[in-house]
$ cat protein_38.txt   # compact mmCIF, C-alpha atoms
# COMPACT_ATOMS: atom_id res chain seq x y z
CA MET K 1 89.22 118.14 131.57
CA ASP K 2 88.65 120.56 128.72
CA SER K 3 88.12 124.31 128.72
CA ASP K 4 84.37 123.91 127.96
CA THR K 5 83.93 122.00 131.22
CA ILE K 6 85.87 124.59 133.22
CA PHE K 7 83.79 127.36 131.59
CA PHE K 8 80.56 125.46 132.38
CA PHE K 9 81.30 125.68 136.11
CA GLY K 10 81.85 129.46 136.02
CA GLU K 11 80.30 130.82 139.22
CA HIS K 12 79.95 127.27 140.58
CA ILE K 13 83.68 126.49 140.41
CA ASN K 14 83.64 125.18 144.01
CA ALA K 15 81.39 122.35 142.78
CA LEU K 16 84.05 121.16 140.33
CA PRO K 17 85.32 118.39 142.69
CA LEU K 18 81.78 116.94 142.70
CA TYR K 19 81.80 116.78 138.91
CA GLU K 20 85.33 115.36 138.78
CA LYS K 21 84.29 112.49 141.07
CA LEU K 22 81.11 111.84 139.06
CA GLU K 23 82.98 111.87 135.74
CA GLU K 24 85.73 109.62 137.09
CA ARG K 25 83.29 107.02 138.33
CA ILE K 26 81.12 107.07 135.21
CA LEU K 27 84.09 106.76 132.84
CA ASN K 28 85.67 103.99 134.95
CA GLU K 29 82.50 101.97 135.57
CA ILE K 30 80.48 102.30 132.37
CA PRO K 31 81.93 101.37 128.96
CA ASP K 32 81.82 103.50 125.79
CA VAL K 33 80.61 106.74 127.36
CA LYS K 34 80.69 110.00 125.44
CA VAL K 35 80.76 113.29 127.36
CA LYS K 36 79.28 116.46 125.87
CA THR K 37 79.35 119.85 127.54
CA ALA K 38 76.58 122.28 126.63
CA LYS K 39 75.54 125.62 128.07
CA THR K 40 73.18 124.24 130.75
CA GLN K 41 74.35 120.66 131.34
CA ILE K 42 77.03 118.06 130.81
CA THR K 43 75.66 114.90 129.20
CA PHE K 44 76.97 111.37 129.61
CA ALA K 45 75.75 109.22 126.71
CA ASN K 46 76.05 105.84 125.04
CA LYS K 47 73.32 105.55 122.38
CA ARG K 48 71.51 108.41 124.11
CA GLY K 49 72.01 110.58 127.15
CA PHE K 50 71.60 108.61 130.35
CA ALA K 51 73.07 110.90 133.02
CA PHE K 52 73.46 114.66 133.29
CA ALA K 53 75.27 117.13 135.52
CA SER K 54 73.72 120.57 135.88
CA PHE K 55 72.88 123.38 138.24
CA ASN K 56 69.15 122.82 137.88
CA PRO K 57 67.99 123.96 141.33
CA CYS K 58 65.73 121.08 142.37
CA ARG K 59 65.59 122.43 145.94
CA ARG K 60 64.81 125.82 147.39
CA ALA K 61 67.89 127.98 147.91
CA LYS K 62 67.80 127.71 151.71
CA GLU K 63 67.73 123.87 151.44
CA ARG K 64 70.76 123.62 149.12
CA PRO K 65 74.28 122.81 150.33
CA GLN K 66 76.85 125.59 149.95
CA ASN K 67 78.44 123.79 146.99
CA TRP K 68 76.13 121.60 144.98
CA MET K 69 75.39 120.03 141.65
CA THR K 70 72.32 118.22 140.34
CA VAL K 71 72.82 114.75 138.89
CA SER K 72 69.97 113.55 136.68
CA PHE K 73 69.35 110.14 135.13
CA GLY K 74 66.62 108.49 133.11
CA LEU K 75 64.86 105.18 133.74
CA GLY K 76 61.80 103.40 132.39
CA TYR K 77 60.04 103.64 135.75
CA ARG K 78 59.92 105.93 138.78
CA LYS K 79 62.68 105.12 141.26
CA GLU K 80 61.62 105.74 144.85
CA SER K 81 64.21 107.05 147.31
CA PRO K 82 64.42 109.91 149.80
CA ARG K 83 67.63 110.95 148.00
CA ILE K 84 65.73 111.74 144.81
CA ASP K 85 64.64 115.37 144.95
CA VAL K 86 62.38 115.34 141.89
CA ALA K 87 61.13 112.65 139.48
CA THR K 88 59.14 113.54 136.38
CA GLU K 89 57.69 111.55 133.50
CA PRO K 90 58.26 113.76 130.43
CA TYR K 91 56.64 111.11 128.27
CA PRO K 92 55.20 107.64 128.95
CA GLY K 93 57.77 105.11 130.07
CA ARG K 94 60.56 107.63 130.57
CA TRP K 95 61.24 108.97 134.06
CA THR K 96 63.87 111.62 134.75
CA HIS K 97 65.22 111.68 138.30
CA HIS K 98 67.14 114.59 139.86
CA VAL K 99 69.48 114.17 142.84
CA MET K 100 71.26 117.13 144.39
CA VAL K 101 74.74 116.28 145.65
CA GLY K 102 76.68 118.48 148.05
CA ASN K 103 79.79 116.43 148.76
CA VAL K 104 81.83 113.76 146.98
CA GLU K 105 80.70 111.07 149.43
CA GLU K 106 77.20 111.36 147.93
CA ILE K 107 78.55 110.09 144.61
CA ASP K 108 78.39 106.63 146.11
CA ASP K 109 77.53 103.09 145.05
CA GLU K 110 73.78 103.72 145.34
CA LEU K 111 73.85 106.72 142.99
CA MET K 112 76.23 104.92 140.64
CA GLY K 113 73.92 101.89 140.62
CA TRP K 114 71.09 104.13 139.41
CA ILE K 115 73.36 105.68 136.77
CA GLN K 116 74.51 102.23 135.59
CA GLU K 117 70.87 101.17 135.33
CA ALA K 118 70.15 104.34 133.34
CA ALA K 119 73.06 103.57 130.99
CA ALA K 120 71.69 100.06 130.38
CA PHE K 121 68.19 101.49 129.81
CA SER K 122 69.57 104.01 127.31
CA ALA K 123 71.65 101.40 125.48
CA ALA K 124 68.64 99.09 125.13
CA LYS K 125 66.35 101.74 123.61
CA ARG K 126 65.85 101.61 119.84

$ encode --input "protein_38.txt" --output "structure tokens"
Amino acid sequence: MDSDTIFFFGEHINALPLYEKLEERILNEIPDVKVKTAKTQITFANKRGFAFASFNPCRRAKERPQNWMTVSFGLGYRKESPRIDVATEPYPGRWTHHVMVGNVEEIDDELMGWIQEAAAFSAAKR
């Protein structure tokens, strides 16, 4: 893990184990992933970004876990699940889904299945 990633977590340092689990699973389960840390999010990309870690508060403060992180992913359709906090269509045929995670157990096979699908969707786009 590089210094940019540590700096990114700043006041959310207690959420670092959530990110470490997410990064580990993505890098182990999806080939040819590039990771880029920016000021507001960490992007996982192949041809394009397909998954993102951020502190985008997709729930009201009183509904958030003590330690949390938002995992976002893009698909060509709206995925329906009670785990998805917000889904938006920023432009036709591109849906961005936001899932707030509060413990490492939530970075499970279901979430990873969505992220793998997002990686395939991203890789197939021209």

$ closest_atom_pairs --input "protein_38.txt" --of "segment 53-100 of chain K" --to "segment 114-125 of chain K" --cutoff "9 Å" --atoms "only C-alpha atoms" --output "tab-separated table"
residue	atom	partner	partner_atom	distance
K:Ser72	CA	K:Ile115	CA	8.6
K:Phe73	CA	K:Ala118	CA	6.1
K:Gly74	CA	K:Ala118	CA	5.5
K:Leu75	CA	K:Ala118	CA	5.4
K:Gly76	CA	K:Phe121	CA	7.2
K:Lys79	CA	K:Trp114	CA	8.7

$ residues_near_point --input "protein_38.txt" --point "(76.6, 114.5, 131.0)" --cutoff "10 Å" --atoms "all atoms listed in the file" --output "list of chain:residue names"
K:Tyr19, K:Leu22, K:Glu23, K:Ile26, K:Val33, K:Lys34, K:Val35, K:Lys36, K:Thr37, K:Ala38, K:Gln41, K:Ile42, K:Thr43, K:Phe44, K:Ala45, K:Gly49, K:Phe50, K:Ala51, K:Phe52, K:Ala53, K:Ser54, K:Val71, K:Ser72, K:Phe73

$ write_last_selection --input "protein_38.txt" --atoms "C-alpha atoms" --output "mmCIF file, keeping the file's coordinate frame"
data_model
loop_
_atom_site.group_PDB
_atom_site.id
_atom_site.type_symbol
_atom_site.label_atom_id
_atom_site.label_comp_id
_atom_site.auth_asym_id
_atom_site.auth_seq_id
_atom_site.Cartn_x
_atom_site.Cartn_y
_atom_site.Cartn_z
ATOM 1 C CA TYR K 19 81.800 116.780 138.910
ATOM 2 C CA LEU K 22 81.110 111.840 139.060
ATOM 3 C CA GLU K 23 82.980 111.870 135.740
ATOM 4 C CA ILE K 26 81.120 107.070 135.210
ATOM 5 C CA VAL K 33 80.610 106.740 127.360
ATOM 6 C CA LYS K 34 80.690 110.000 125.440
ATOM 7 C CA VAL K 35 80.760 113.290 127.360
ATOM 8 C CA LYS K 36 79.280 116.460 125.870
ATOM 9 C CA THR K 37 79.350 119.850 127.540
ATOM 10 C CA ALA K 38 76.580 122.280 126.630
ATOM 11 C CA GLN K 41 74.350 120.660 131.340
ATOM 12 C CA ILE K 42 77.030 118.060 130.810
ATOM 13 C CA THR K 43 75.660 114.900 129.200
ATOM 14 C CA PHE K 44 76.970 111.370 129.610
ATOM 15 C CA ALA K 45 75.750 109.220 126.710
ATOM 16 C CA GLY K 49 72.010 110.580 127.150
ATOM 17 C CA PHE K 50 71.600 108.610 130.350
ATOM 18 C CA ALA K 51 73.070 110.900 133.020
ATOM 19 C CA PHE K 52 73.460 114.660 133.290
ATOM 20 C CA ALA K 53 75.270 117.130 135.520
ATOM 21 C CA SER K 54 73.720 120.570 135.880
ATOM 22 C CA VAL K 71 72.820 114.750 138.890
ATOM 23 C CA SER K 72 69.970 113.550 136.680
ATOM 24 C CA PHE K 73 69.350 110.140 135.130
#

$ closest_residue --input "protein_38.txt" --among "K:Thr88, K:Pro31, K:Thr40, K:Pro82" --to "Gly10 of chain K" --atoms "all atoms listed in the file"
K:Thr40

$ atom_distance --input "protein_38.txt" --atom1 "atom CA of Glu89 of chain K" --atom2 "atom CA of Lys39 of chain K"
23.4 Å

$ closest_residue --input "protein_38.txt" --among "K:Tyr91, K:Glu29, K:Ala15, K:Val86" --to "Pro65 of chain K" --atoms "only C-alpha atoms"
K:Ala15

$ residues_around --input "protein_38.txt" --residues "Arg59 of chain K" --least-positions-apart "4" --cutoff "9 Å" --atoms "all atoms listed in the file" --output "ChimeraX atom specification"
/K:63-64,85-86,100

$ write_last_selection --input "protein_38.txt" --atoms "C-alpha atoms" --output "PDB file, in the coordinates of the input"
ATOM      1  CA  GLU K  63      67.730 123.870 151.440  1.00  0.00           C
ATOM      2  CA  ARG K  64      70.760 123.620 149.120  1.00  0.00           C
ATOM      3  CA  ASP K  85      64.640 115.370 144.950  1.00  0.00           C
ATOM      4  CA  VAL K  86      62.380 115.340 141.890  1.00  0.00           C
ATOM      5  CA  MET K 100      71.260 117.130 144.390  1.00  0.00           C
TER       6      MET K 100
END

$ closest_residue --input "protein_38.txt" --among "K:Glu11, K:Pro92, K:Leu16, K:Arg126" --to "Lys47 of chain K" --atoms "all atoms listed in the file"
K:Arg126

$ axis_aligned_box --input "protein_38.txt" --around "segment 94-112 of chain K" --padding-each-side "8 Å" --output "AutoDock Vina command-line options"
--center_x 71.2 --center_y 110.8 --center_z 140.0 --size_x 37.3 --size_y 31.4 --size_z 34.9

$ decode --input "protein_38.txt" --residues "segment 80-94 of chain K" --atoms "all heavy atoms" --output "CSV table (one decimal), in the first residue's frame"
chain,number,residue,atom,x,y,z
K,80,GLU,N,-30.9,-4.4,-8.9
K,80,GLU,CA,-31.9,-4.2,-7.7
K,80,GLU,C,-31.4,-5.1,-6.6
K,80,GLU,O,-31.2,-6.3,-6.7
K,80,GLU,CB,-33.3,-4.6,-8.2
K,80,GLU,CG,-33.9,-3.8,-9.3
K,80,GLU,CD,-34.2,-2.3,-8.8
K,80,GLU,OE1,-34.3,-2.1,-7.6
K,80,GLU,OE2,-34.3,-1.5,-9.7
K,81,SER,N,-31.2,-4.5,-5.4
K,81,SER,CA,-30.9,-5.2,-4.2
K,81,SER,C,-31.0,-4.2,-3.0
K,81,SER,O,-30.7,-3.0,-3.1
K,81,SER,CB,-29.4,-5.6,-4.2
K,81,SER,OG,-29.0,-6.1,-3.0
K,82,PRO,N,-31.5,-4.8,-1.9
K,82,PRO,CA,-31.6,-3.9,-0.7
K,82,PRO,C,-30.3,-3.4,-0.2
K,82,PRO,O,-30.2,-2.5,0.6
K,82,PRO,CB,-32.3,-4.8,0.3
K,82,PRO,CG,-32.3,-6.2,-0.2
K,82,PRO,CD,-32.0,-6.1,-1.7
K,83,ARG,N,-29.2,-4.1,-0.6
K,83,ARG,CA,-27.8,-3.7,-0.2
K,83,ARG,C,-27.4,-2.4,-0.9
K,83,ARG,O,-26.4,-1.7,-0.5
K,83,ARG,CB,-26.8,-4.8,-0.5
K,83,ARG,CG,-27.0,-6.0,0.4
K,83,ARG,CD,-26.0,-7.0,0.1
K,83,ARG,NE,-24.6,-6.5,0.5
K,83,ARG,CZ,-23.5,-7.2,0.3
K,83,ARG,NH1,-23.6,-8.4,-0.3
K,83,ARG,NH2,-22.3,-6.7,0.6
K,84,ILE,N,-28.0,-2.1,-2.1
K,84,ILE,CA,-27.6,-0.9,-2.9
K,84,ILE,C,-28.3,0.3,-2.3
K,84,ILE,O,-29.5,0.4,-2.3
K,84,ILE,CB,-27.8,-1.2,-4.4
K,84,ILE,CG1,-27.0,-2.3,-4.9
K,84,ILE,CG2,-27.6,0.1,-5.1
K,84,ILE,CD1,-27.3,-2.8,-6.3
K,85,ASP,N,-27.4,1.2,-1.8
K,85,ASP,CA,-28.0,2.4,-1.2
K,85,ASP,C,-28.5,3.4,-2.2
K,85,ASP,O,-29.6,4.0,-2.0
K,85,ASP,CB,-26.9,3.1,-0.3
K,85,ASP,CG,-26.6,2.3,0.9
K,85,ASP,OD1,-27.4,2.2,1.8
K,85,ASP,OD2,-25.5,1.7,0.9
K,86,VAL,N,-27.8,3.6,-3.3
K,86,VAL,CA,-28.2,4.5,-4.3
K,86,VAL,C,-27.8,4.0,-5.7
K,86,VAL,O,-26.7,3.4,-5.8
K,86,VAL,CB,-27.5,5.9,-4.1
K,86,VAL,CG1,-27.9,6.9,-5.2
K,86,VAL,CG2,-27.8,6.5,-2.8
K,87,ALA,N,-28.7,4.1,-6.7
K,87,ALA,CA,-28.3,3.8,-8.1
K,87,ALA,C,-28.8,5.0,-8.9
K,87,ALA,O,-29.9,5.5,-8.8
K,87,ALA,CB,-29.0,2.5,-8.5
K,88,THR,N,-27.8,5.5,-9.8
K,88,THR,CA,-28.2,6.6,-10.6
K,88,THR,C,-27.7,6.3,-12.1
K,88,THR,O,-26.8,5.5,-12.3
K,88,THR,CB,-27.4,7.9,-10.2
K,88,THR,OG1,-26.0,7.6,-10.2
K,88,THR,CG2,-27.8,8.3,-8.8
K,89,GLU,N,-28.4,6.9,-13.0
K,89,GLU,CA,-28.1,6.7,-14.4
K,89,GLU,C,-27.5,8.0,-14.9
K,89,GLU,O,-28.3,8.9,-15.4
K,89,GLU,CB,-29.3,6.3,-15.2
K,89,GLU,CG,-29.0,5.9,-16.6
K,89,GLU,CD,-30.2,5.4,-17.4
K,89,GLU,OE1,-31.4,5.8,-17.0
K,89,GLU,OE2,-30.1,4.7,-18.3
K,90,PRO,N,-26.2,8.3,-14.8
K,90,PRO,CA,-25.6,9.5,-15.2
K,90,PRO,C,-25.8,9.8,-16.7
K,90,PRO,O,-25.8,11.0,-17.1
K,90,PRO,CB,-24.2,9.4,-14.8
K,90,PRO,CG,-23.9,8.0,-14.6
K,90,PRO,CD,-25.2,7.3,-14.3
K,91,TYR,N,-25.8,8.7,-17.5
K,91,TYR,CA,-26.2,8.9,-18.9
K,91,TYR,C,-26.8,7.6,-19.4
K,91,TYR,O,-26.6,6.5,-18.7
K,91,TYR,CB,-25.0,9.4,-19.8
K,91,TYR,CG,-23.7,8.5,-19.7
K,91,TYR,CD1,-23.5,7.5,-20.6
K,91,TYR,CD2,-22.8,8.8,-18.8
K,91,TYR,CE1,-22.4,6.7,-20.6
K,91,TYR,CE2,-21.6,8.0,-18.8
K,91,TYR,CZ,-21.4,7.0,-19.7
K,91,TYR,OH,-20.3,6.2,-19.6
K,92,PRO,N,-27.5,7.6,-20.5
K,92,PRO,CA,-28.2,6.4,-20.9
K,92,PRO,C,-27.3,5.1,-21.0
K,92,PRO,O,-26.2,5.2,-21.6
K,92,PRO,CB,-28.8,6.7,-22.3
K,92,PRO,CG,-28.9,8.2,-22.2
K,92,PRO,CD,-27.7,8.7,-21.4
K,93,GLY,N,-27.8,4.1,-20.4
K,93,GLY,CA,-27.1,2.8,-20.5
K,93,GLY,C,-25.9,2.7,-19.6
K,93,GLY,O,-25.1,1.8,-19.7
K,94,ARG,N,-25.8,3.6,-18.6
K,94,ARG,CA,-24.7,3.5,-17.6
K,94,ARG,C,-25.2,3.8,-16.2
K,94,ARG,O,-25.6,4.9,-16.0
K,94,ARG,CB,-23.6,4.5,-18.0
K,94,ARG,CG,-22.5,4.6,-17.0
K,94,ARG,CD,-21.6,3.4,-17.0
K,94,ARG,NE,-20.5,3.5,-16.1
K,94,ARG,CZ,-19.4,2.8,-16.1
K,94,ARG,NH1,-19.2,2.0,-17.1
K,94,ARG,NH2,-18.5,3.0,-15.2
